[in-house]
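Dropping entry26.txt in here (compact mmCIF, C-alpha atoms):
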```txt
# COMPACT_ATOMS: atom_id res chain seq x y z
CA MET A 1 -39.38 170.46 -150.85
CA SER A 2 -42.27 168.19 -151.48
CA HIS A 3 -45.14 168.54 -149.08
CA SER A 4 -46.65 165.17 -149.79
CA ASN A 5 -47.05 162.51 -147.14
CA LYS A 6 -45.98 159.44 -149.03
CA ASN A 7 -45.58 157.02 -146.13
CA LYS A 8 -48.91 155.99 -144.70
CA GLY A 9 -49.30 154.20 -141.39
CA PRO A 10 -47.28 154.57 -138.20
CA ARG A 11 -44.15 156.59 -138.69
CA ALA A 12 -41.34 157.90 -136.56
CA TYR A 13 -41.02 161.63 -136.13
CA PRO A 14 -38.02 163.64 -135.01
CA ASN A 15 -38.11 165.27 -131.60
CA ILE A 16 -38.17 169.00 -132.24
CA GLY A 17 -38.35 169.94 -128.58
CA ASP A 18 -34.93 171.62 -128.72
CA ILE A 19 -35.96 173.77 -131.70
CA LEU A 20 -39.17 174.82 -129.96
CA ALA A 21 -37.32 175.58 -126.73
CA ARG A 22 -34.87 177.79 -128.65
CA LYS A 23 -37.76 179.61 -130.31
CA ALA A 24 -39.42 180.15 -126.93
CA ARG A 25 -36.14 181.54 -125.58
CA GLY A 26 -35.92 183.94 -128.54
CA ARG A 27 -39.47 185.11 -127.96
CA HIS A 28 -38.75 185.60 -124.28
CA GLU A 29 -35.71 187.74 -125.12
CA ILE A 30 -37.85 189.90 -127.39
CA ALA A 31 -40.45 190.22 -124.65
CA LEU A 32 -37.75 191.56 -122.33
CA MET A 33 -36.85 194.39 -124.74
CA SER A 34 -37.82 197.94 -123.89
CA PHE A 35 -40.89 199.46 -125.51
CA GLY A 36 -38.65 201.66 -127.67
CA GLN A 37 -36.66 198.68 -128.90
CA LYS A 38 -39.86 196.86 -129.82
CA ILE A 39 -41.17 199.87 -131.74
CA ARG A 40 -37.86 200.12 -133.63
CA MET A 41 -38.11 196.42 -134.41
CA LEU A 42 -41.62 196.92 -135.78
CA ASP A 43 -40.42 199.88 -137.89
CA VAL A 44 -37.74 197.71 -139.48
CA MET A 45 -40.26 194.94 -140.17
CA GLN A 46 -42.72 197.38 -141.72
CA ALA A 47 -39.99 198.74 -143.97
CA GLN A 48 -39.15 195.20 -145.03
CA VAL A 49 -42.72 194.34 -146.01
CA GLY A 50 -43.25 197.74 -147.69
CA PRO A 51 -42.42 196.51 -151.23
CA ILE A 52 -44.70 193.49 -150.77
CA ARG A 53 -47.56 195.70 -149.60
CA LYS A 54 -47.05 198.10 -152.52
CA ALA A 55 -47.03 195.21 -155.00
CA ARG A 56 -50.22 193.84 -153.49
CA GLU A 57 -51.94 197.23 -153.69
CA ALA A 58 -50.81 197.62 -157.31
CA ARG A 59 -52.20 194.20 -158.17
CA LEU A 60 -55.52 194.96 -156.48
CA VAL A 61 -55.82 198.26 -158.36
CA ALA A 62 -54.99 196.51 -161.64
CA SER A 63 -57.50 193.73 -161.03
CA SER A 64 -60.28 196.21 -160.19
CA ARG A 65 -59.87 198.12 -163.45
CA PRO A 66 -62.50 197.30 -166.12
CA VAL A 67 -61.12 195.11 -168.85
CA SER A 68 -61.06 196.96 -172.19
CA THR A 69 -61.80 195.07 -175.33
CA VAL A 70 -59.62 195.77 -178.33
CA THR A 71 -61.08 194.87 -181.69
CA ALA A 72 -58.77 194.60 -184.62
CA SER A 73 -59.96 196.60 -187.61
CA LYS A 74 -60.03 194.87 -190.96
CA MET B 1 -58.70 187.47 -141.84
CA GLU B 2 -57.22 190.53 -140.26
CA VAL B 3 -53.45 190.45 -140.59
CA THR B 4 -51.25 190.20 -137.52
CA SER B 5 -47.58 190.93 -137.27
CA THR B 6 -44.96 188.35 -136.44
CA VAL B 7 -41.28 188.52 -135.68
CA ASP B 8 -40.33 185.25 -137.31
CA LEU B 9 -41.39 182.82 -139.98
CA ASP B 10 -42.00 179.10 -139.46
CA ILE B 11 -41.64 176.73 -142.40
CA LEU B 12 -42.94 173.23 -141.92
CA ILE B 13 -40.84 170.73 -143.84
CA SER B 14 -41.37 167.13 -144.79
CA ILE B 15 -39.00 164.70 -143.12
CA ASP B 16 -39.44 162.32 -146.07
CA ASP B 17 -37.12 164.56 -148.03
CA LEU B 18 -34.62 164.93 -145.22
CA THR B 19 -34.18 161.41 -143.96
CA ASN B 20 -30.85 159.81 -144.71
CA PRO B 21 -31.73 156.34 -146.08
CA SER B 22 -28.60 154.76 -144.60
CA THR B 23 -29.05 156.06 -141.05
CA GLY B 24 -32.80 156.65 -140.94
CA LEU B 25 -32.11 160.00 -139.26
CA ALA B 26 -33.65 163.21 -140.44
CA THR B 27 -31.34 166.19 -140.76
CA ILE B 28 -31.80 169.67 -142.13
CA ALA B 29 -28.09 169.92 -142.95
CA PRO B 30 -28.68 169.96 -146.76
CA LEU B 31 -31.08 172.85 -146.32
CA LEU B 32 -28.59 174.78 -144.20
CA ASP B 33 -25.81 174.03 -146.72
CA TYR B 34 -28.02 175.47 -149.47
CA LEU B 35 -28.63 178.64 -147.47
CA ARG B 36 -24.98 178.94 -146.41
CA ALA B 37 -23.90 178.86 -150.05
CA ARG B 38 -26.17 181.86 -150.61
CA GLY B 39 -24.71 183.81 -147.73
CA TYR B 40 -27.32 183.13 -145.07
CA THR B 41 -25.21 182.09 -142.11
CA GLU B 42 -26.47 184.12 -139.17
CA PHE B 43 -28.47 182.16 -136.63
CA ARG B 44 -30.71 183.46 -133.90
CA ASP B 45 -32.77 181.57 -131.37
CA GLU B 46 -35.82 182.12 -133.56
CA GLY B 47 -34.13 180.77 -136.69
CA ILE B 48 -31.69 181.48 -139.48
CA LEU B 49 -31.69 185.07 -140.68
CA ILE B 50 -32.89 185.39 -144.29
CA GLU B 51 -33.18 188.92 -145.67
CA GLY B 52 -33.59 190.24 -142.14
CA TRP B 53 -36.22 187.71 -141.06
CA PRO B 54 -35.54 184.84 -138.68
CA VAL B 55 -36.81 181.72 -140.46
CA GLN B 56 -37.29 178.48 -138.57
CA PHE B 57 -37.50 175.22 -140.48
CA LEU B 58 -39.64 172.82 -138.46
CA PRO B 59 -39.65 169.17 -139.49
CA VAL B 60 -43.10 167.58 -139.22
CA ALA B 61 -43.23 166.23 -135.67
CA ASP B 62 -46.51 164.32 -135.55
CA ASP B 63 -49.40 163.01 -137.66
CA LEU B 64 -51.21 166.34 -137.40
CA ASP B 65 -48.26 168.19 -138.94
CA ALA B 66 -47.94 165.54 -141.64
CA GLU B 67 -51.63 165.77 -142.55
CA GLY B 68 -51.53 169.57 -142.44
CA LEU B 69 -48.60 169.63 -144.82
CA ASP B 70 -50.24 167.09 -147.09
CA GLN B 71 -53.45 169.15 -147.29
CA ALA B 72 -51.76 172.55 -147.45
CA VAL B 73 -53.25 175.05 -149.88
CA THR B 74 -51.21 177.08 -152.34
CA ILE B 75 -51.47 180.85 -152.22
CA GLU B 76 -49.70 183.53 -154.21
CA VAL B 77 -47.73 186.25 -152.47
CA ASP B 78 -46.78 189.42 -154.30
CA THR B 79 -43.15 190.41 -154.24
CA GLU B 80 -42.28 193.55 -156.17
CA SER B 81 -44.29 195.45 -158.72
CA GLY B 82 -44.06 193.69 -162.05
CA SER B 83 -42.56 190.51 -160.65
CA GLU B 84 -44.31 187.18 -160.73
CA PRO B 85 -45.98 186.33 -157.42
CA ILE B 86 -44.36 183.57 -155.35
CA ARG B 87 -46.44 180.44 -154.80
CA ILE B 88 -46.43 179.28 -151.18
CA ALA B 89 -48.13 176.30 -149.55
CA VAL B 90 -49.82 177.26 -146.27
CA LEU B 91 -51.68 175.14 -143.75
CA CYS B 92 -55.45 175.40 -143.99
CA PRO B 93 -57.25 177.19 -141.10
CA GLU B 94 -58.59 173.95 -139.62
CA HIS B 95 -55.10 172.49 -139.23
CA LEU B 96 -53.76 175.75 -137.80
CA VAL B 97 -56.56 175.75 -135.22
CA ALA B 98 -56.02 172.06 -134.41
CA LYS B 99 -52.32 172.77 -133.94
CA ALA B 100 -53.19 175.67 -131.61
CA VAL B 101 -55.50 173.36 -129.63
CA LYS B 102 -52.67 170.85 -129.30
CA ILE B 103 -50.09 173.41 -128.14
CA GLY B 104 -52.58 175.29 -125.95
CA ARG B 105 -50.56 178.32 -124.85
CA PRO B 106 -52.43 181.58 -124.12
CA LYS B 107 -51.36 182.97 -127.52
CA ASP B 108 -52.70 179.82 -129.20
CA ARG B 109 -56.05 180.27 -127.48
CA GLU B 110 -56.14 183.87 -128.73
CA ARG B 111 -55.41 182.61 -132.21
CA ILE B 112 -58.25 180.09 -132.02
CA ILE B 113 -60.70 182.78 -130.92
CA ARG B 114 -59.62 185.05 -133.78
CA PHE B 115 -60.04 182.30 -136.38
CA LEU B 116 -63.53 181.53 -135.10
CA GLU B 117 -64.64 185.12 -134.63
CA GLU B 118 -63.67 185.89 -138.20
CA ASN B 119 -65.50 182.81 -139.42
CA ALA B 120 -62.34 181.56 -141.11
CA VAL B 121 -62.87 177.93 -140.11
CA ASP B 122 -65.15 175.25 -141.47
CA LEU B 123 -66.39 173.74 -138.20
CA GLU B 124 -67.34 170.40 -139.75
CA ARG B 125 -63.87 170.08 -141.17
CA LEU B 126 -62.33 171.20 -137.90
CA ARG B 127 -64.29 168.55 -136.02
CA ASP B 128 -63.02 165.91 -138.45
CA VAL B 129 -59.42 167.01 -137.94
CA LEU B 130 -59.78 167.18 -134.14
CA THR B 131 -61.45 163.77 -134.02
CA ARG B 132 -58.81 162.17 -136.23
CA HIS B 133 -56.02 163.48 -134.03
CA LYS B 134 -57.74 162.81 -130.69
CA LEU B 135 -58.05 166.48 -129.82
CA LEU B 136 -61.82 166.71 -129.51
CA ALA B 137 -61.81 166.30 -125.70
CA GLU B 138 -59.20 169.04 -125.39
CA TRP B 139 -61.30 171.23 -127.68
CA SER B 140 -64.38 170.66 -125.50
CA ARG B 141 -62.45 171.69 -122.38
CA MET B 142 -61.17 174.80 -124.14
CA ALA B 143 -64.57 175.55 -125.68
CA ALA B 144 -66.26 175.53 -122.28
CA LYS B 145 -63.76 178.07 -120.92
CA LEU B 146 -63.63 180.32 -123.98
CA ASP B 147 -67.31 180.21 -124.96
CA LEU B 148 -66.61 178.46 -128.26
CA PRO B 149 -68.96 176.02 -129.99
CA ASP B 150 -68.76 172.50 -128.57
CA LEU B 151 -68.10 170.41 -131.63
CA ASP B 152 -69.12 167.28 -129.75
CA ASP B 153 -72.71 168.51 -129.80
CA GLU B 154 -74.64 167.64 -132.85
CA PRO B 155 -75.78 169.62 -134.69
CA PHE B 156 -73.67 172.64 -133.88
CA GLU B 157 -74.26 176.02 -135.38
CA GLN B 158 -71.86 177.41 -137.98
CA LYS B 159 -72.25 181.19 -138.19
```

As structure tokens, the full file:
Amino acid sequence: MSHSNKNKGPRAYPNIGDILARKARGRHEIALMSFGQKIRMLDVMQAQVGPIRKAREARLVASSRPVSTVTASK
Amino acid sequence: MEVTSTVDLDILISIDDLTNPSTGLATIAPLLDYLRARGYTEFRDEGILIEGWPVQFLPVADDLDAEGLDQAVTIEVDTESGSEPIRIAVLCPEHLVAKAVKIGRPKDRERIIRFLEENAVDLERLRDVLTRHKLLAEWSRMAAKLDLPDLDDEPFEQK
């Protein structure tokens, strides 16, 4: 998807009220969950982002290492 | 900024790419067809489920969205060790704050406070965005209640 705004000037936009209302309903349903259900939900989410977090930590460690210079011998 | 958790993912999409030239109507059907072909067919209120995450595709709905998308910045997100990071366009802090001002729910006000407390916003740039989208008066009302800098005052102090 391009994220450029090619058409300048007044433009018509879709009404996304129904999408936002659905999202709000979803959030409300989550809010109604028990504390235990919410904690379980968080556990699942944390497990899902685990590989991303590990990759980020690995990249940060790699980028903080001093760069060694290799000189070719003649 | 300090990270916060979320239960869903919003993706702002350009309607230019989704508008049917013959009808003039925007539809995300091609996007959903693409996802369906890859096995993502479960819908929840918060969005379509992709790898366990509800993802909501939100077409740009006003000039603020359109400008935010146009001026989005590209960041890299790590995936798995050894894999190439994924490049993602995200809205800049000033547009996120302006959007929060426009929506104005309690959670949006919290978000605004966090952005400002962590000095993540360029106030000059924010004032430009708010002025352009006629949100400066709303900001001033909110600023008075939440003890935020009044961007209408000149000069204001950027921490």

*Got a sec to pull out which chain B residues are within 9 Å of chain A, counting all atoms listed in the file, and send them as a ChimeraX atom specification?*
/B:5-7,12-17,25-26,44-47,51-53,56,58-63,66-67,69-72,77-83,89

*Can you work out the spacing between atom CA of Val101 of chain B and atom CA of Trp139 of chain B in Å, to one decimal?*
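Pair atom CA of Val101 of chain B / atom CA of Trp139 of chain B returns 6.5 Å.
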
*What is the atom CA of Leu130 of chain B to atom CA of Glu76 of chain B distance in Å?*
27.8 Å

*Just give me the gap between atom CA of Arg114 of chain B and atom CA of His28 of chain A in Å, one decimal is fine.*
22.9 Å

Contact residues around Ile103 of chain B with all atoms listed in the file at 12 Å, ignoring same-chain residues under 6 positions, as a PDB file with C-alpha atoms, keeping the file's coordinate frame:
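So around17.pdb came out as:
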```pdb
ATOM      1  CA  LEU A  20     -39.170 174.820-129.960  1.00  0.00           C
TER       2      LEU A  20
ATOM      3  CA  LEU B  64     -51.210 166.340-137.400  1.00  0.00           C
ATOM      4  CA  LEU B  96     -53.760 175.750-137.800  1.00  0.00           C
ATOM      5  CA  VAL B  97     -56.560 175.750-135.220  1.00  0.00           C
ATOM      6  CA  ARG B 109     -56.050 180.270-127.480  1.00  0.00           C
ATOM      7  CA  ARG B 111     -55.410 182.610-132.210  1.00  0.00           C
ATOM      8  CA  ILE B 112     -58.250 180.090-132.020  1.00  0.00           C
ATOM      9  CA  LEU B 135     -58.050 166.480-129.820  1.00  0.00           C
ATOM     10  CA  GLU B 138     -59.200 169.040-125.390  1.00  0.00           C
ATOM     11  CA  TRP B 139     -61.300 171.230-127.680  1.00  0.00           C
ATOM     12  CA  MET B 142     -61.170 174.800-124.140  1.00  0.00           C
TER      13      MET B 142
END
```

Can you patch up segment 19-52 of chain A, filling it in to N, CA and C atoms, and show the result as an mmCIF file, in the coordinates of the input?
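So the final result, stored in out11.cif, reads:
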```
data_model
loop_
_atom_site.group_PDB
_atom_site.id
_atom_site.type_symbol
_atom_site.label_atom_id
_atom_site.label_comp_id
_atom_site.auth_asym_id
_atom_site.auth_seq_id
_atom_site.Cartn_x
_atom_site.Cartn_y
_atom_site.Cartn_z
ATOM 1 N N ILE A 19 -35.694 172.629 -130.802
ATOM 2 C CA ILE A 19 -35.960 173.770 -131.700
ATOM 3 C C ILE A 19 -37.023 174.675 -131.072
ATOM 4 N N LEU A 20 -38.079 174.038 -130.544
ATOM 5 C CA LEU A 20 -39.170 174.820 -129.960
ATOM 6 C C LEU A 20 -38.707 175.571 -128.703
ATOM 7 N N ALA A 21 -37.834 174.920 -127.935
ATOM 8 C CA ALA A 21 -37.320 175.580 -126.730
ATOM 9 C C ALA A 21 -36.486 176.805 -127.106
ATOM 10 N N ARG A 22 -35.696 176.658 -128.189
ATOM 11 C CA ARG A 22 -34.870 177.790 -128.650
ATOM 12 C C ARG A 22 -35.764 178.944 -129.117
ATOM 13 N N LYS A 23 -36.827 178.578 -129.840
ATOM 14 C CA LYS A 23 -37.760 179.610 -130.310
ATOM 15 C C LYS A 23 -38.392 180.340 -129.121
ATOM 16 N N ALA A 24 -38.782 179.559 -128.120
ATOM 17 C CA ALA A 24 -39.420 180.150 -126.930
ATOM 18 C C ALA A 24 -38.444 181.098 -126.239
ATOM 19 N N ARG A 25 -37.156 180.695 -126.205
ATOM 20 C CA ARG A 25 -36.140 181.540 -125.580
ATOM 21 C C ARG A 25 -35.999 182.860 -126.359
ATOM 22 N N GLY A 26 -36.013 182.745 -127.693
ATOM 23 C CA GLY A 26 -35.920 183.940 -128.540
ATOM 24 C C GLY A 26 -37.086 184.879 -128.309
ATOM 25 N N ARG A 27 -38.281 184.286 -128.201
ATOM 26 C CA ARG A 27 -39.470 185.110 -127.960
ATOM 27 C C ARG A 27 -39.385 185.796 -126.595
ATOM 28 N N HIS A 28 -38.864 185.055 -125.627
ATOM 29 C CA HIS A 28 -38.750 185.600 -124.280
ATOM 30 C C HIS A 28 -37.779 186.788 -124.279
ATOM 31 N N GLU A 29 -36.677 186.645 -125.040
ATOM 32 C CA GLU A 29 -35.710 187.740 -125.120
ATOM 33 C C GLU A 29 -36.344 188.984 -125.739
ATOM 34 N N ILE A 30 -37.169 188.755 -126.759
ATOM 35 C CA ILE A 30 -37.850 189.900 -127.390
ATOM 36 C C ILE A 30 -38.812 190.540 -126.393
ATOM 37 N N ALA A 31 -39.490 189.688 -125.633
ATOM 38 C CA ALA A 31 -40.450 190.220 -124.650
ATOM 39 C C ALA A 31 -39.757 191.085 -123.600
ATOM 40 N N LEU A 32 -38.490 190.793 -123.345
ATOM 41 C CA LEU A 32 -37.750 191.560 -122.330
ATOM 42 C C LEU A 32 -37.244 192.902 -122.852
ATOM 43 N N MET A 33 -37.337 193.118 -124.170
ATOM 44 C CA MET A 33 -36.850 194.390 -124.740
ATOM 45 C C MET A 33 -37.679 195.559 -124.210
ATOM 46 N N SER A 34 -37.086 196.741 -124.300
ATOM 47 C CA SER A 34 -37.820 197.940 -123.890
ATOM 48 C C SER A 34 -38.885 198.249 -124.951
ATOM 49 N N PHE A 35 -39.833 199.083 -124.570
ATOM 50 C CA PHE A 35 -40.890 199.460 -125.510
ATOM 51 C C PHE A 35 -40.286 200.102 -126.769
ATOM 52 N N GLY A 36 -39.297 200.980 -126.550
ATOM 53 C CA GLY A 36 -38.650 201.660 -127.670
ATOM 54 C C GLY A 36 -37.990 200.683 -128.629
ATOM 55 N N GLN A 37 -37.322 199.688 -128.058
ATOM 56 C CA GLN A 37 -36.660 198.680 -128.900
ATOM 57 C C GLN A 37 -37.694 197.902 -129.729
ATOM 58 N N LYS A 38 -38.818 197.603 -129.098
ATOM 59 C CA LYS A 38 -39.860 196.860 -129.820
ATOM 60 C C LYS A 38 -40.442 197.688 -130.958
ATOM 61 N N ILE A 39 -40.631 198.984 -130.690
ATOM 62 C CA ILE A 39 -41.170 199.870 -131.740
ATOM 63 C C ILE A 39 -40.180 199.943 -132.899
ATOM 64 N N ARG A 40 -38.888 200.068 -132.571
ATOM 65 C CA ARG A 40 -37.860 200.120 -133.630
ATOM 66 C C ARG A 40 -37.874 198.831 -134.446
ATOM 67 N N MET A 41 -38.060 197.724 -133.747
ATOM 68 C CA MET A 41 -38.110 196.420 -134.410
ATOM 69 C C MET A 41 -39.299 196.370 -135.391
ATOM 70 N N LEU A 42 -40.429 196.888 -134.927
ATOM 71 C CA LEU A 42 -41.620 196.920 -135.780
ATOM 72 C C LEU A 42 -41.390 197.817 -137.001
ATOM 73 N N ASP A 43 -40.706 198.975 -136.777
ATOM 74 C CA ASP A 43 -40.420 199.880 -137.890
ATOM 75 C C ASP A 43 -39.607 199.179 -138.972
ATOM 76 N N VAL A 44 -38.597 198.435 -138.531
ATOM 77 C CA VAL A 44 -37.740 197.710 -139.480
ATOM 78 C C VAL A 44 -38.585 196.678 -140.254
ATOM 79 N N MET A 45 -39.434 195.962 -139.522
ATOM 80 C CA MET A 45 -40.260 194.940 -140.170
ATOM 81 C C MET A 45 -41.220 195.563 -141.177
ATOM 82 N N GLN A 46 -41.792 196.714 -140.789
ATOM 83 C CA GLN A 46 -42.720 197.380 -141.720
ATOM 84 C C GLN A 46 -42.008 197.834 -142.979
ATOM 85 N N ALA A 47 -40.767 198.315 -142.797
ATOM 86 C CA ALA A 47 -39.990 198.740 -143.970
ATOM 87 C C ALA A 47 -39.707 197.545 -144.874
ATOM 88 N N GLN A 48 -39.463 196.395 -144.244
ATOM 89 C CA GLN A 48 -39.150 195.200 -145.030
ATOM 90 C C GLN A 48 -40.343 194.708 -145.842
ATOM 91 N N VAL A 49 -41.542 194.828 -145.273
ATOM 92 C CA VAL A 49 -42.720 194.340 -146.010
ATOM 93 C C VAL A 49 -43.312 195.426 -146.912
ATOM 94 N N GLY A 50 -42.739 196.642 -146.868
ATOM 95 C CA GLY A 50 -43.250 197.740 -147.690
ATOM 96 C C GLY A 50 -43.381 197.378 -149.169
ATOM 97 N N PRO A 51 -42.311 196.850 -149.802
ATOM 98 C CA PRO A 51 -42.420 196.510 -151.230
ATOM 99 C C PRO A 51 -43.507 195.469 -151.505
ATOM 100 N N ILE A 52 -43.676 194.529 -150.588
ATOM 101 C CA ILE A 52 -44.700 193.490 -150.770
ATOM 102 C C ILE A 52 -46.093 194.136 -150.721
#
```
